[in-house]
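Here's model.cif, which has mmCIF, C-alpha atoms, pLDDT in the B column; chains and numbers go by the auth columns:
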```cif
data_final
#
loop_
_atom_site.group_PDB
_atom_site.id
_atom_site.type_symbol
_atom_site.label_atom_id
_atom_site.label_comp_id
_atom_site.label_asym_id
_atom_site.label_seq_id
_atom_site.Cartn_x
_atom_site.Cartn_y
_atom_site.Cartn_z
_atom_site.B_iso_or_equiv
_atom_site.auth_seq_id
_atom_site.auth_asym_id
ATOM 1 C CA MET A 1 -53.982 -30.815 -27.379 52.00 1 A
ATOM 2 C CA LYS A 2 -50.577 -31.804 -28.801 64.00 2 A
ATOM 3 C CA LYS A 3 -50.979 -29.289 -31.625 65.00 3 A
ATOM 4 C CA PHE A 4 -51.510 -26.423 -29.155 69.00 4 A
ATOM 5 C CA ILE A 5 -48.509 -27.474 -27.075 75.00 5 A
ATOM 6 C CA GLN A 6 -46.347 -27.524 -30.226 81.00 6 A
ATOM 7 C CA LEU A 7 -47.696 -24.118 -31.271 85.00 7 A
ATOM 8 C CA PHE A 8 -46.826 -22.659 -27.866 88.00 8 A
ATOM 9 C CA GLN A 9 -43.328 -24.166 -28.039 90.00 9 A
ATOM 10 C CA TYR A 10 -42.694 -22.774 -31.530 91.00 10 A
ATOM 11 C CA LEU A 11 -43.909 -19.301 -30.553 93.00 11 A
ATOM 12 C CA THR A 12 -41.814 -19.367 -27.370 94.00 12 A
ATOM 13 C CA ASP A 13 -38.743 -20.348 -29.396 94.00 13 A
ATOM 14 C CA LEU A 14 -39.376 -17.573 -31.927 95.00 14 A
ATOM 15 C CA THR A 15 -39.850 -15.009 -29.155 96.00 15 A
ATOM 16 C CA LYS A 16 -36.452 -15.993 -27.728 96.00 16 A
ATOM 17 C CA LYS A 17 -34.999 -15.328 -31.197 96.00 17 A
ATOM 18 C CA GLY A 18 -36.495 -11.816 -31.229 98.00 18 A
ATOM 19 C CA TYR A 19 -39.691 -12.459 -33.206 97.00 19 A
ATOM 20 C CA ASN A 20 -41.874 -10.290 -30.976 97.00 20 A
ATOM 21 C CA TYR A 21 -44.533 -9.039 -33.389 98.00 21 A
ATOM 22 C CA THR A 22 -47.653 -10.626 -34.863 97.00 22 A
ATOM 23 C CA PHE A 23 -48.405 -10.676 -38.567 97.00 23 A
ATOM 24 C CA GLU A 24 -51.835 -11.126 -40.114 93.00 24 A
ATOM 25 C CA LEU A 25 -52.476 -12.605 -43.548 89.00 25 A
ATOM 26 C CA LYS A 26 -54.097 -10.191 -46.006 89.00 26 A
ATOM 27 C CA GLU A 27 -55.024 -10.590 -49.661 84.00 27 A
ATOM 28 C CA ASN A 28 -51.856 -9.005 -51.089 88.00 28 A
ATOM 29 C CA GLY A 29 -49.416 -9.221 -48.191 90.00 29 A
ATOM 30 C CA LEU A 30 -49.053 -9.158 -44.425 94.00 30 A
ATOM 31 C CA ARG A 31 -50.190 -6.657 -41.811 97.00 31 A
ATOM 32 C CA LEU A 32 -48.053 -6.095 -38.735 98.00 32 A
ATOM 33 C CA ILE A 33 -50.815 -5.929 -36.134 98.00 33 A
ATOM 34 C CA GLU A 34 -49.050 -4.001 -33.368 98.00 34 A
ATOM 35 C CA LYS A 35 -47.908 -1.183 -35.676 97.00 35 A
ATOM 36 C CA ASN A 36 -50.681 -1.401 -38.294 97.00 36 A
ATOM 37 C CA LEU A 37 -48.078 -1.601 -41.062 98.00 37 A
ATOM 38 C CA PHE A 38 -48.578 -3.437 -44.357 97.00 38 A
ATOM 39 C CA PHE A 39 -45.854 -5.462 -46.104 96.00 39 A
ATOM 40 C CA THR A 40 -46.067 -6.662 -49.685 93.00 40 A
ATOM 41 C CA PRO A 41 -44.302 -9.951 -50.524 91.00 41 A
ATOM 42 C CA GLU A 42 -41.163 -8.165 -51.713 92.00 42 A
ATOM 43 C CA ASN A 43 -40.832 -6.305 -48.387 95.00 43 A
ATOM 44 C CA PHE A 44 -40.388 -9.253 -46.042 94.00 44 A
ATOM 45 C CA THR A 45 -38.403 -12.463 -45.753 91.00 45 A
ATOM 46 C CA ILE A 46 -39.465 -15.809 -44.349 91.00 46 A
ATOM 47 C CA LYS A 47 -36.634 -16.984 -42.127 92.00 47 A
ATOM 48 C CA GLU A 48 -38.149 -20.338 -41.138 90.00 48 A
ATOM 49 C CA TYR A 49 -41.476 -22.052 -40.719 87.00 49 A
ATOM 50 C CA TYR A 50 -43.090 -24.891 -38.845 86.00 50 A
ATOM 51 C CA LYS A 51 -45.933 -27.171 -39.887 82.00 51 A
ATOM 52 C CA LEU A 52 -48.316 -28.538 -37.278 83.00 52 A
ATOM 53 C CA ASP A 53 -50.164 -31.528 -38.673 75.00 53 A
ATOM 54 C CA GLY A 54 -53.938 -31.747 -38.531 66.00 54 A
ATOM 55 C CA ILE A 55 -55.249 -34.277 -36.048 65.00 55 A
ATOM 56 C CA LYS A 56 -57.821 -35.979 -38.293 64.00 56 A
ATOM 57 C CA ASP A 57 -57.195 -34.445 -41.690 63.00 57 A
ATOM 58 C CA PRO A 58 -53.931 -33.163 -43.221 62.00 58 A
ATOM 59 C CA LYS A 59 -55.931 -30.198 -44.580 62.00 59 A
ATOM 60 C CA ASP A 60 -56.343 -29.059 -40.953 66.00 60 A
ATOM 61 C CA ALA A 61 -52.620 -28.391 -40.640 75.00 61 A
ATOM 62 C CA SER A 62 -51.373 -25.036 -39.379 82.00 62 A
ATOM 63 C CA LEU A 63 -48.263 -23.165 -40.403 84.00 63 A
ATOM 64 C CA VAL A 64 -46.135 -20.864 -38.246 90.00 64 A
ATOM 65 C CA PHE A 65 -43.867 -18.510 -40.181 91.00 65 A
ATOM 66 C CA ALA A 66 -40.940 -16.521 -38.765 94.00 66 A
ATOM 67 C CA ILE A 67 -41.133 -13.249 -40.718 95.00 67 A
ATOM 68 C CA GLU A 68 -38.628 -10.395 -40.874 96.00 68 A
ATOM 69 C CA SER A 69 -39.084 -7.083 -42.662 97.00 69 A
ATOM 70 C CA ASN A 70 -36.368 -6.448 -45.234 95.00 70 A
ATOM 71 C CA ASP A 71 -35.133 -3.433 -43.268 97.00 71 A
ATOM 72 C CA GLY A 72 -34.669 -5.670 -40.208 96.00 72 A
ATOM 73 C CA LEU A 73 -36.796 -3.467 -37.954 98.00 73 A
ATOM 74 C CA PHE A 74 -39.675 -5.908 -37.454 98.00 74 A
ATOM 75 C CA LYS A 75 -39.548 -9.612 -36.680 98.00 75 A
ATOM 76 C CA GLY A 76 -42.670 -11.569 -35.879 98.00 76 A
ATOM 77 C CA ALA A 77 -44.772 -14.648 -36.378 97.00 77 A
ATOM 78 C CA LEU A 78 -47.586 -15.431 -38.767 93.00 78 A
ATOM 79 C CA ILE A 79 -49.892 -18.307 -37.830 90.00 79 A
ATOM 80 C CA THR A 80 -52.223 -19.543 -40.531 85.00 80 A
ATOM 81 C CA ALA A 81 -54.202 -22.593 -41.490 78.00 81 A
ATOM 82 C CA TYR A 82 -52.618 -24.541 -44.328 67.00 82 A
ATOM 83 C CA SER A 83 -55.852 -24.195 -46.311 63.00 83 A
ATOM 84 C CA ALA A 84 -55.701 -20.380 -45.976 54.00 84 A
ATOM 85 C CA LEU A 85 -52.864 -20.365 -48.503 55.00 85 A
ATOM 86 C CA ASN A 86 -55.402 -21.182 -51.189 56.00 86 A
ATOM 87 C CA GLU A 87 -58.167 -18.807 -50.137 61.00 87 A
ATOM 88 C CA LEU A 88 -58.432 -15.193 -51.244 61.00 88 A
ATOM 89 C CA ILE A 89 -54.766 -14.271 -51.316 68.00 89 A
ATOM 90 C CA SER A 90 -52.688 -13.148 -54.252 73.00 90 A
ATOM 91 C CA THR A 91 -50.531 -15.451 -56.334 74.00 91 A
ATOM 92 C CA ASP A 92 -47.423 -13.456 -55.350 77.00 92 A
ATOM 93 C CA LEU A 93 -48.154 -13.972 -51.670 76.00 93 A
ATOM 94 C CA ILE A 94 -48.800 -17.704 -52.156 71.00 94 A
ATOM 95 C CA LYS A 95 -45.450 -18.016 -53.962 76.00 95 A
ATOM 96 C CA LYS A 96 -43.647 -16.132 -51.188 75.00 96 A
ATOM 97 C CA LEU A 97 -45.154 -18.261 -48.415 73.00 97 A
ATOM 98 C CA ALA A 98 -44.527 -21.499 -50.311 68.00 98 A
ATOM 99 C CA MET A 99 -40.910 -20.790 -51.255 64.00 99 A
ATOM 100 C CA HIS A 100 -39.377 -22.853 -48.451 58.00 100 A
ATOM 101 C CA PRO A 101 -39.492 -26.528 -49.469 53.00 101 A
ATOM 102 C CA HIS A 102 -39.294 -28.072 -45.999 57.00 102 A
ATOM 103 C CA PRO A 103 -40.475 -26.908 -42.583 57.00 103 A
ATOM 104 C CA VAL A 104 -38.092 -26.733 -39.660 61.00 104 A
ATOM 105 C CA ASN A 105 -38.365 -29.945 -37.649 55.00 105 A
ATOM 106 C CA LYS A 106 -37.859 -30.018 -33.924 50.00 106 A
#
```
Mind turning the file's structure into structure tokens?
Amino acid sequence: MKKFIQLFQYLTDLTKKGYNYTFELKENGLRLIEKNLFFTPENFTIKEYYKLDGIKDPKDASLVFAIESNDGLFKGALITAYSALNELISTDLIKKLAMHPHPVNK
């Protein structure tokens, strides 16, 4: 239950900062769900991210990314399982999502 409360708090905080869209992880980039737009790794910036630890296994951790398109028009959140970073996505996208060494701690 704690993990879901943290997730809600992070998403609420991001919404207050203007991150109002939802991104979906795709093989070679991110899809902005509400507008059905696709962004390759060079077309967006990760502003911050949060790691929610797995309850029984660290591999069950989730990540919440604050994403902004390079043109500044779209800001949103990407929620993904930590293990999803290793499954069926391109090397460029893995590098982009892993570029921040430390999550934001609250």
For the file shown, report as a short mmCIF file (atom, residue, chain, number, x, y, z; two decimals) with C-alpha atoms, in the coordinates of the input the outcome of the PyMOL selection byres ((chain A and resi 90) around 6) at residue level.
```
data_model
loop_
_atom_site.label_atom_id
_atom_site.label_comp_id
_atom_site.auth_asym_id
_atom_site.auth_seq_id
_atom_site.Cartn_x
_atom_site.Cartn_y
_atom_site.Cartn_z
CA GLU A 27 -55.02 -10.59 -49.66
CA ASN A 28 -51.86 -9.01 -51.09
CA ILE A 89 -54.77 -14.27 -51.32
CA THR A 91 -50.53 -15.45 -56.33
CA ASP A 92 -47.42 -13.46 -55.35
CA LEU A 93 -48.15 -13.97 -51.67
#
```
Using the chain letters and numbers from the file, give me the residues hit by the PyMOL selection byres ((chain A and resi 5-11) around 10), as a VMD selection string.
chain A and resid 1 to 4 12 to 17 19 to 20 49 to 52 62 to 66 76 to 79 106
Result set, the PyMOL selection byres ((chain A and resi 35) around 12) on current file, as an MDAnalysis selection string:
chainID A and resid 20:24 30:34 36:39 73:76
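Near Asn43 of chain A, within 7 Å and counting all atoms listed in the file, sit A:Phe39, A:Thr40, A:Ser69, A:Asn70, not including residues fewer than 3 positions from it in the same chain.
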Based on the selection just made, write C-alpha atoms of those residues as a PDB file, keeping the file's coordinate frame.
```
ATOM      1  CA  PHE A  39     -45.854  -5.462 -46.104  1.00 96.00           C
ATOM      2  CA  THR A  40     -46.067  -6.662 -49.685  1.00 93.00           C
ATOM      3  CA  SER A  69     -39.084  -7.083 -42.662  1.00 97.00           C
ATOM      4  CA  ASN A  70     -36.368  -6.448 -45.234  1.00 95.00           C
TER       5      ASN A  70
END
```
Atom CA of Gly29 of chain A and atom CA of Ile46 of chain A, how far apart in Å?
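These two atoms are separated by 12.5 Å.
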Which distance in Å separates atom CA of Ala61 of chain A and atom CA of Phe44 of chain A, to one decimal?
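Going from atom CA of Ala61 of chain A over to atom CA of Phe44 of chain A covers 23.3 Å.
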Using only C-alpha atoms: which of A:Gly18, A:Leu97, A:Asp71, A:Ala81 has the shortest distance to Asp53 of chain A:
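The closest residue to Asp53 of chain A is A:Ala81.
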